[in-house]
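J.: Once you've had a glance at the structure underneath, I'll fire off some questions.
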Amino acid sequence: MNYDDETLMAYADGELDAALTAEISAAMETDPVLAQRVERHRVLRTQVAGAYATVLEQPIPERLLAAANAPAAPRLAGDSPRGEVAQFPGRAALTEGRPWGGREWLALAASLVLGMLLSWQFLSPSERSMVVASNGALVARGALARALDSQLASTQRAEDPVQIGLTFRSQDGSYCRSFTLTRAATAGLACRASGQWRIPVTASAAASEGGVRQAAAPPSAVVSAIEARIAGDALDAPGEETARLGGWDARPE
Amino acid sequence: MTADAEEISVRLVALLPRLRRFARTLSRSQHDADDLVQLALERALRSLDQFREGANLASWLFGIVKNAWIDSCRARGRRQEVPLPDDSGEHPAISPGDSEASLWSVSEAMSKLPEDQRLAVGLVLVEGMSYKEAAAVLEIPIGTLTSRLARGRSALAATLSAEGPA
């Protein structure tokens with residue numbers, strides 16, 4: 001069986017239907033030339049994708065951060081839309097539409113890198129942003145800071161824009177809380193330090209039909225950050241409330 | 001709508017690494033790529049009301065980067081890009097596994113492709129989009145995307161193998 005190059009390219013890209021994919025896979029078993037033609041497509045794909053991967057690791061120029069933050073800081077952008085023009089579509093718009101594959105994990109890796117970069121790149125944040133840089137660390141502000149201060153996982157409503165996940169004591173005794181910004185499809189971890197919520201990690205949260213599933217597990221990067229810090233078990237509802245009443249002050253147990 | 005503005009900022013910031021990477025597949029220098037991303041962000045924010053409910057924000061932004069890039073190519077009168085070292089530095093010494101060298105040589109090869117092929121390669125090979133997603137961003141039929149992608153790949157393979165294995 002002879003296959004044209006476009007078909008083999010589509011095979012290498014995983015774009016063929018199941019029947020044709022199986023047919024070509026079988027043919028490759030007995031036809032080394034065919035297998036080699038497919039392999040060339042795969043090698044090129046890996047080479048090209050790999051070459052540009054370094055761009056994801058580069059620091060983000062501040063002018064781009066400022067442009068992306070223009071909606072939250074209208075005064076910084078003379079031509080940004082005003083008031084209701086900046087309305088953001090509902091949760092349905094945030095659907096990524098398919099299960100996570102390599103590209104989603106790459107995107108997640110990118111946002112992790114970004115989270116680290118932000119800590120020193122993002123120097124002139126708006127007070128209205130939810131995450132800003134302060135003394136080299138990312139800290140929560142605005143609605144996120146308010147939710148971390150006062151919202152309890154046991155009593156929060158599904159429609160709250162910030163969803164609190166786990167609350168726990170870290171190994172240094174301070175309190176940490178995982179959170180999800182549902183409509184921004186972003187999850188993260190915040191830990192109490194010097195009277196603020198510092199954010200050591202953020203990651204794209206898996207979105208599903210209708211936005212981020214409330215019950216969805218946090219992205220693996222956030223899980224790893226939790227596992228690296230947690231001392232003992234996560235707080236139960238009374239423990240969470242006691243910690244809140246104490247103003248999230250880290251006191252020895 | 002303060003909360004909405006905050007949310008779109010968070011999402012835009014989270015997309016920046018991918019937007020810069022896509023723009024870099026179109027421009028040989030990172031500086032030009034960043035100019036393109038900035039222009040696209042400004043355009044996107046001016047036309048947020050055109051963002052359709054239910055659409056994918058990333059796809060919408062990639063489409064705006066694409067349009068901004070095509071406009072800037074037109075504005076330059078399709079000036080042929082001259083293969084001079086860009087502001088990212090000298091020709092790096094080629095050594096296997098050197099990521100800068102690999103970016104440099106692949107960028108060189110990409111810059112020789114026609115615009116439509118570069119877009120197809122950038123979205124599918126670099127951004128990892130499916131043919132369907134890439135065709136939607138480029139507003140072309142899947143068959144057109146497939147043939148541009150095939151031609152772009154074959155030209156890239158020829159250029160990269162002509163340089164010889166590193």
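Residues in the structure tokens are numbered from 1 in each chain, the chains being A, B, ... in the order shown, and ligands are numbered from 1 in the order shown.
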Per residue of segment 96-135 of chain B within 10 Å of segment 4-25 of chain A, note the shortest atom pair and the distance in Å to one decimal, counting only C-alpha atoms, and order the rows by chain and increasing residue number, as a tab-separated table.

T.:
```
residue	atom	partner	partner_atom	distance
B:Val124	CA	A:Asp13	CA	8.7
B:Leu125	CA	A:Asp13	CA	8.7
B:Gly128	CA	A:Asp13	CA	9.2
B:Met129	CA	A:Asp13	CA	9.9
B:Ser130	CA	A:Glu15	CA	7.4
B:Tyr131	CA	A:Glu15	CA	7.4
B:Lys132	CA	A:Glu15	CA	9.3
```

J.: Save the residues we just selected, N, CA and C atoms, as a PDB file, in the first residue's frame?

T.:
```pdb
ATOM      1  N   VAL B 124       0.860  24.386  14.340  1.00  0.00           N
ATOM      2  CA  VAL B 124       0.748  22.938  14.532  1.00  0.00           C
ATOM      3  C   VAL B 124       2.001  22.360  15.188  1.00  0.00           C
ATOM      4  N   LEU B 125       3.164  22.650  14.615  1.00  0.00           N
ATOM      5  CA  LEU B 125       4.376  22.009  15.150  1.00  0.00           C
ATOM      6  C   LEU B 125       4.832  22.653  16.453  1.00  0.00           C
ATOM      7  N   GLY B 128       1.443  23.140  18.882  1.00  0.00           N
ATOM      8  CA  GLY B 128       0.818  21.849  19.145  1.00  0.00           C
ATOM      9  C   GLY B 128      -0.683  21.835  18.930  1.00  0.00           C
ATOM     10  N   MET B 129      -1.188  22.754  18.096  1.00  0.00           N
ATOM     11  CA  MET B 129      -2.627  22.733  17.835  1.00  0.00           C
ATOM     12  C   MET B 129      -2.980  21.582  16.891  1.00  0.00           C
ATOM     13  N   SER B 130      -4.226  21.120  17.005  1.00  0.00           N
ATOM     14  CA  SER B 130      -4.726  20.148  16.033  1.00  0.00           C
ATOM     15  C   SER B 130      -4.933  20.875  14.705  1.00  0.00           C
ATOM     16  N   TYR B 131      -5.050  20.094  13.629  1.00  0.00           N
ATOM     17  CA  TYR B 131      -5.283  20.721  12.326  1.00  0.00           C
ATOM     18  C   TYR B 131      -6.566  21.560  12.361  1.00  0.00           C
ATOM     19  N   LYS B 132      -7.551  21.025  13.052  1.00  0.00           N
ATOM     20  CA  LYS B 132      -8.839  21.725  13.109  1.00  0.00           C
ATOM     21  C   LYS B 132      -8.694  23.079  13.817  1.00  0.00           C
TER      22      LYS B 132
END
```

J.: Any idea which chain B residues end up within 6 Å of chain A if we count only C-alpha atoms, as number ranges by chain please?

T.: B: 4-7, 9, 11-14, 17, 21, 38, 46, 53-55, 102-103, 125-126, 128

J.: Go ahead and compute the interatomic distance for atom CA of Pro141 of chain B and atom CA of Gln36 of chain A, in Å to one decimal.

T.: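 These atoms are spaced 29.0 Å apart.
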
J.: Just want the 7 Å neighbourhood of Leu19 of chain B, counted on only C-alpha atoms, with same-chain residues fewer than 4 positions away dropped. Output as number ranges by chain.

T.: B: 15, 23, 37, 62

J.: Write a file of the selected residues as a compact mmCIF listing (two decimals), in the first residue's frame, keeping N, CA and C atoms.

T.:
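In the end it all went to out26.txt:
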```
# COMPACT_ATOMS: atom_id res chain seq x y z
N LEU B 15 -1.22 33.60 29.21
CA LEU B 15 -1.00 33.23 27.80
C LEU B 15 0.27 33.85 27.22
N ALA B 23 4.69 34.21 18.23
CA ALA B 23 5.20 35.38 17.50
C ALA B 23 6.65 35.15 17.07
N VAL B 37 3.47 40.87 19.75
CA VAL B 37 2.58 40.47 20.85
C VAL B 37 1.95 41.71 21.49
N PHE B 62 -4.38 34.11 19.24
CA PHE B 62 -3.46 33.68 18.19
C PHE B 62 -3.91 34.25 16.84
```

J.: One decimal, in Å: what's the spacing between atom CA of Asp149 of chain A and atom CA of Ile230 of chain A?

T.: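 Value for the atom CA of Asp149 of chain A-atom CA of Ile230 of chain A distance: 19.1 Å.
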
J.: Please identify all polymer residues within 7 Å of Ile164 of chain A, counting only C-alpha atoms, omitting same-chain residues fewer than 4 positions from it, and present them as a list in words.

T.: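 Listing them by chain and then by number gives Leu152, Ala153, Arg177, Ser178, Phe179 and Thr180 of chain A.
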
J.: Any chance you could export the current selection's C-alpha atoms as an mmCIF file, in the first residue's frame?

T.:
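Now in out04.cif:
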```cif
data_model
loop_
_atom_site.group_PDB
_atom_site.id
_atom_site.type_symbol
_atom_site.label_atom_id
_atom_site.label_comp_id
_atom_site.auth_asym_id
_atom_site.auth_seq_id
_atom_site.Cartn_x
_atom_site.Cartn_y
_atom_site.Cartn_z
ATOM 1 C CA LEU A 152 -14.042 29.102 54.439
ATOM 2 C CA ALA A 153 -14.052 26.029 52.235
ATOM 3 C CA ARG A 177 -4.358 27.709 51.427
ATOM 4 C CA SER A 178 -4.820 26.436 47.912
ATOM 5 C CA PHE A 179 -7.205 28.387 45.727
ATOM 6 C CA THR A 180 -8.765 28.478 42.284
#
```

J.: For a test of reading the model, state the distance in Å between atom CA of Ser47 of chain B and atom CA of Ser59 of chain B, rounded to one decimal.

T.: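 So the two atoms, atom CA of Ser47 of chain B and atom CA of Ser59 of chain B, lie 14.7 Å apart.
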
J.: Which is closest to Val121 of chain B among B:Ser147, B:Ser161, B:Ser105, B:Gln50, if we use only C-alpha atoms?

T.: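 Closest candidate: B:Ser147.
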
J.: Residues within 7 Å of segment 108-110 of chain B, please, as a ChimeraX atom specification. Count only C-alpha atoms; anything in the same chain fewer than 4 positions from it doesn't count.

T.: /B:104,118,156,159-160

J.: Export, as a PDB file, in the first residue's frame, the selected residues with C-alpha atoms.

T.:
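To be explicit, this is the file written out as again_32.pdb:
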```
ATOM      1  CA  TRP B 104      18.823  30.172  15.735  1.00  0.00           C
ATOM      2  CA  ARG B 118       5.148  29.686   8.533  1.00  0.00           C
ATOM      3  CA  LEU B 156      12.117  23.147   6.501  1.00  0.00           C
ATOM      4  CA  THR B 159      16.911  23.648   4.701  1.00  0.00           C
ATOM      5  CA  LEU B 160      17.795  22.019   7.991  1.00  0.00           C
TER       6      LEU B 160
END
```
